[in-house]
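> First the structure, which I've put down as structure tokens, then a few questions once you've had a look.
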Amino acid sequence: MPLNILVTGANGYIGSHVTIELLDAGHNVIGLDNLSNSHKSSLTQVEALTSKSVIQNEADITDRDSLERVFAMNKIDAVVHCAGLKAVGESQEQGERYHNVNVKGTRNLLDIMEKFGVKKIVFSSSATVYGRQKEMPIKETAVLPEKADSNYGQNKIDIEKMLMAKNQADNQWRVFILRYFNPIGAHQSGDVGESPKGRANNLLPAILEVVAGKRAHLDIYTGYSTASGTGERDYIHISDLARGHLRAIEQMQKTKGVHIYNLGTGQPYSVIEVVSSFEMVTGVKIVTRNKGPRSGDVDSCYADPSKANKELNWTAKYSLTDMIRDLWNWYQKHPDGYDSDHDSDTTDS
Ligand code: NAD
Ligand code: WQD
């Protein structure tokens, strides 16, 4: 049965890909975004690709009135909550802003959901909640640190606790917490992808900035306790990640309670492997420079995805080569991201 699903942060990198999966599966999507880190045209592309329309709301999760209007105007069955601020470094400088948007914004959302009797939520959490773990791969049962390494990580831990408390107070709440590992790549069409505003911090966007001549070289952070001395991560194709949300929404119709899932492939890659894979797939040489370790970075972080494999009937199917191929396709079609699509984002939003 088609559901009406509110996707917060629908214009963003993850929200736009989740929207594609939900629409393709026959659900209706109500989008909500304040466009602080995204573009209107991301959903225009999604609509063109799926031949479906999305009800778009320019609203801010920190503004209860605007949130309430969205719930009053639309019948909503469940929420996929992707809206938020996500730059780890920035969260250290702007702790209050991050708490306000991520934690208080989520509290607003939960309050309004309750008011309208909507008690089903899928939440975008992060592997960052695990902090430094000794055991790899990481299982969902790993004990989380008392205090996270960053304000951003702390926000995610606090929100997870808030969601669990909701269910404890009222067992009608169905909560699916998805802990993402490192999503990369773009939709296979090459028309929907990652297009953040501002300078890139993550590895693949940084590589693309080297390709574009926006930076002279890629800094490779080294000095970690791994075979190559560079960090090891569990990169996952954005479309695999997005499909995990669809499976969570489907499972949620059948299962009560709080459920936590890792979304990763279970396969770690070093920075060296990612760069050489990028060079092999694209034929473009990346100029690199070795640097010391980046503050706050963990050496290695990869998932045990077996719980999601089993309970959500979900498995990541794309390889690192696929991820880079689709990223490259997106980059070639939209070298400046959605900025090159000449929409009216900056003038009328
Ligand atoms: P994104 O910045 O592309 O998307 C977030 C969206 O939220 C943006 O469209 C932004 O405009 C919107 N937004 C921000 N503040 C808002 C507010 N106050 N009200 C309404 N909308 C607001 O980032 P993303 O990569 O798509 O991340 C989505 C979620 O997934 C975030 O919660 C992020 O923390 C989480 N996450 C991302 C990654 C990753 O590597 N991309 C990894 C783990 C978890
Ligand atoms: C990947 C690897 C770096 C940039 C961050 C957040 C995490 C999550 C995803 C939201 C690491 C190395 C990177 C560069 C490099 N986001 N690197 N040169 O650090 O795993 O996770 O994004 O939840 O919370 O912390 O991702 O892409 O920044 O780094 O050598 O210029 O690439 O050391 O090993 P990370 P990343």
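Residues are named by chain letter and number: chains run A, B, ... in the order of the structure tokens, numbers start at 1 in each chain, and ligands are numbered from 1 in the order shown.
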Counting only C-alpha atoms and all ligand atoms, what residues are within 7 Å of ligand 1, given as JSON, numbers by chain?

{"A": [8, 9, 10, 11, 12, 13, 14, 15, 32, 33, 34, 35, 36, 37, 38, 59, 60, 61, 62, 82, 83, 84, 85, 86, 101, 105, 124, 125, 126, 127, 179, 180, 181, 182, 183, 194, 196]}

> Dump the neighbourhood of ligand 2 as a ChimeraX atom specification: all residues within 6 Å, distances computed on only C-alpha atoms and all ligand atoms.

/A:86,88,126,128,182,201-203,206,218-221,230-233,271,297

> Convert the current residue selection to file output with all heavy atoms, as a CSV table (one decimal), in the first residue's frame.


chain,number,residue,atom,x,y,z
A,86,LYS,N,26.0,18.6,9.2
A,86,LYS,CA,26.8,17.3,9.3
A,86,LYS,C,28.3,17.5,9.2
A,86,LYS,O,29.1,16.5,9.1
A,86,LYS,CB,26.4,16.4,8.2
A,86,LYS,CG,26.7,17.0,6.8
A,86,LYS,CD,26.6,15.9,5.7
A,86,LYS,CE,26.9,16.6,4.3
A,86,LYS,NZ,26.9,15.6,3.2
A,88,VAL,N,31.8,17.8,10.7
A,88,VAL,CA,32.3,17.5,12.0
A,88,VAL,C,33.2,18.7,12.5
A,88,VAL,O,33.0,19.1,13.6
A,88,VAL,CB,33.2,16.2,11.9
A,88,VAL,CG1,33.9,15.9,13.2
A,88,VAL,CG2,32.3,15.0,11.6
A,126,SER,N,24.8,7.9,12.4
A,126,SER,CA,26.1,7.8,11.8
A,126,SER,C,27.0,6.9,12.5
A,126,SER,O,26.9,6.7,13.7
A,126,SER,CB,26.7,9.2,11.8
A,126,SER,OG,28.0,9.2,11.5
A,128,THR,N,29.7,7.5,13.3
A,128,THR,CA,30.5,8.4,14.2
A,128,THR,C,30.1,8.1,15.6
A,128,THR,O,30.9,8.4,16.5
A,128,THR,CB,30.4,9.8,13.7
A,128,THR,OG1,31.5,10.6,14.3
A,128,THR,CG2,29.1,10.5,14.2
A,182,ASN,N,30.2,5.2,5.2
A,182,ASN,CA,30.6,6.4,4.4
A,182,ASN,C,30.0,6.4,3.0
A,182,ASN,O,30.5,5.8,2.1
A,182,ASN,CB,32.2,6.4,4.2
A,182,ASN,CG,32.9,6.7,5.5
A,182,ASN,OD1,32.7,6.1,6.5
A,182,ASN,ND2,33.7,7.8,5.5
A,201,ASN,N,35.0,18.5,2.8
A,201,ASN,CA,35.9,18.0,3.8
A,201,ASN,C,36.1,16.5,3.7
A,201,ASN,O,37.1,15.9,4.1
A,201,ASN,CB,35.2,18.2,5.2
A,201,ASN,CG,35.1,19.6,5.5
A,201,ASN,OD1,36.0,20.4,5.5
A,201,ASN,ND2,33.9,20.0,5.9
A,202,ASN,N,35.1,15.9,3.0
A,202,ASN,CA,35.2,14.4,2.9
A,202,ASN,C,36.0,14.0,1.7
A,202,ASN,O,36.3,14.8,0.8
A,202,ASN,CB,33.7,13.8,2.7
A,202,ASN,CG,32.9,14.0,4.0
A,202,ASN,OD1,31.9,14.7,3.9
A,202,ASN,ND2,33.3,13.5,5.1
A,203,LEU,N,36.5,12.7,1.8
A,203,LEU,CA,37.5,12.3,0.8
A,203,LEU,C,37.1,12.4,-0.7
A,203,LEU,O,37.8,13.1,-1.4
A,203,LEU,CB,37.9,10.8,1.1
A,203,LEU,CG,38.9,10.2,0.2
A,203,LEU,CD1,40.2,11.0,0.3
A,203,LEU,CD2,39.2,8.8,0.6
A,206,ALA,N,36.7,15.9,-1.9
A,206,ALA,CA,38.0,16.6,-1.9
A,206,ALA,C,38.8,16.2,-3.2
A,206,ALA,O,39.4,17.0,-3.9
A,206,ALA,CB,38.8,16.2,-0.7
A,218,LEU,N,45.6,16.6,-3.3
A,218,LEU,CA,44.8,16.0,-2.2
A,218,LEU,C,45.8,15.7,-1.0
A,218,LEU,O,46.8,15.1,-1.2
A,218,LEU,CB,44.3,14.6,-2.7
A,218,LEU,CG,43.6,13.8,-1.6
A,218,LEU,CD1,42.2,14.4,-1.3
A,218,LEU,CD2,43.4,12.4,-2.0
A,219,ASP,N,45.4,16.2,0.1
A,219,ASP,CA,46.1,15.9,1.3
A,219,ASP,C,45.7,14.5,1.7
A,219,ASP,O,44.5,14.2,2.0
A,219,ASP,CB,45.8,16.8,2.5
A,219,ASP,CG,46.4,18.2,2.3
A,219,ASP,OD1,47.5,18.2,1.8
A,219,ASP,OD2,45.8,19.2,2.7
A,220,ILE,N,46.7,13.6,1.8
A,220,ILE,CA,46.4,12.2,2.3
A,220,ILE,C,46.9,12.2,3.8
A,220,ILE,O,48.1,12.3,4.1
A,220,ILE,CB,47.1,11.1,1.5
A,220,ILE,CG1,46.6,11.2,0.1
A,220,ILE,CG2,46.9,9.8,2.1
A,220,ILE,CD1,47.0,10.0,-0.8
A,221,TYR,N,45.9,12.0,4.7
A,221,TYR,CA,46.3,12.0,6.1
A,221,TYR,C,46.9,10.6,6.4
A,221,TYR,O,46.3,9.6,6.0
A,221,TYR,CB,45.0,12.3,6.9
A,221,TYR,CG,44.4,13.6,6.6
A,221,TYR,CD1,43.0,13.6,6.3
A,221,TYR,CD2,45.1,14.8,6.6
A,221,TYR,CE1,42.4,14.8,5.9
A,221,TYR,CE2,44.5,16.0,6.3
A,221,TYR,CZ,43.1,16.0,5.9
A,221,TYR,OH,42.5,17.2,5.6
A,230,THR,N,47.1,4.9,6.2
A,230,THR,CA,46.0,5.8,6.0
A,230,THR,C,44.8,5.2,6.6
A,230,THR,O,44.7,4.0,6.9
A,230,THR,CB,45.8,6.1,4.5
A,230,THR,OG1,45.4,4.8,3.8
A,230,THR,CG2,47.1,6.5,3.8
A,231,GLY,N,43.8,6.1,6.8
A,231,GLY,CA,42.5,5.6,7.4
A,231,GLY,C,41.8,4.6,6.5
A,231,GLY,O,41.8,4.6,5.3
A,232,GLU,N,41.1,3.6,7.2
A,232,GLU,CA,40.3,2.6,6.5
A,232,GLU,C,38.8,2.9,6.8
A,232,GLU,O,38.5,3.0,8.0
A,232,GLU,CB,40.7,1.2,7.0
A,232,GLU,CG,42.0,0.8,6.5
A,232,GLU,CD,42.4,-0.6,7.1
A,232,GLU,OE1,41.8,-1.0,8.1
A,232,GLU,OE2,43.4,-1.2,6.6
A,233,ARG,N,38.0,2.9,5.7
A,233,ARG,CA,36.6,3.2,5.9
A,233,ARG,C,35.8,2.2,5.1
A,233,ARG,O,36.2,1.6,4.1
A,233,ARG,CB,36.3,4.6,5.4
A,233,ARG,CG,36.9,5.7,6.2
A,233,ARG,CD,36.4,5.8,7.6
A,233,ARG,NE,36.9,7.0,8.4
A,233,ARG,CZ,38.1,7.0,9.1
A,233,ARG,NH1,38.8,5.9,9.1
A,233,ARG,NH2,38.5,8.0,9.7
A,271,VAL,N,42.7,4.9,2.1
A,271,VAL,CA,42.7,6.1,1.3
A,271,VAL,C,43.5,5.8,0.0
A,271,VAL,O,43.1,6.2,-1.1
A,271,VAL,CB,43.3,7.4,2.0
A,271,VAL,CG1,43.3,8.6,1.1
A,271,VAL,CG2,42.5,7.6,3.3
A,297,ASP,N,40.3,11.9,13.8
A,297,ASP,CA,40.1,10.7,12.9
A,297,ASP,C,40.3,9.4,13.6
A,297,ASP,O,41.3,9.3,14.3
A,297,ASP,CB,41.1,10.8,11.7
A,297,ASP,CG,40.4,11.2,10.4
A,297,ASP,OD1,39.2,11.5,10.4
A,297,ASP,OD2,41.2,11.2,9.4

> Of the candidates A:Lys139, A:Lys134, A:His259, A:Lys147, which shows the shortest atom-to-atom distance to Val298 in chain A, using only C-alpha atoms?

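Between A:Lys139, A:Lys134, A:His259, A:Lys147, the residue approaching Val298 in chain A most closely is A:Lys134.
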
> Tell me, as number ranges by chain, which residues lie within 9 Å of Leu3 in chain A, counting only C-alpha atoms; anything in the same chain fewer than 3 positions away does not count.

A: 26-29, 76-78

> Would you kindly return, as a list of chain:residue names, each protein, DNA or RNA residue with an atom no farther than 10 Å from any atom of Thr19 in chain A, considering only C-alpha atoms and excluding same-chain residues fewer than 4 positions away?

A:Ile5, A:Leu6, A:Val7, A:Ala10, A:Asn11, A:Ile14, A:Gly15, A:Leu23, A:Asp24, A:Ala25, A:His27, A:Asn28, A:Val29, A:Ile30, A:Gly31, A:Leu43, A:Val46, A:Glu47, A:Thr50, A:Val54, A:Val80, A:Ala242, A:Arg243, A:His245, A:Leu246

> Tell me which of A:Gly185, A:Gly95, A:Gly244, A:Gly153 sits closest to Val122 in chain A, counting only C-alpha atoms.

A:Gly244

> Could you please write out, as an MDAnalysis selection string, every residue of range 172-292 of chain A that DSSP assigns to strand (DSSP E or B)?

chainID A and resid 174:180 182:184 218:222 230 232:233 235:237 257:263 269:270 288:291
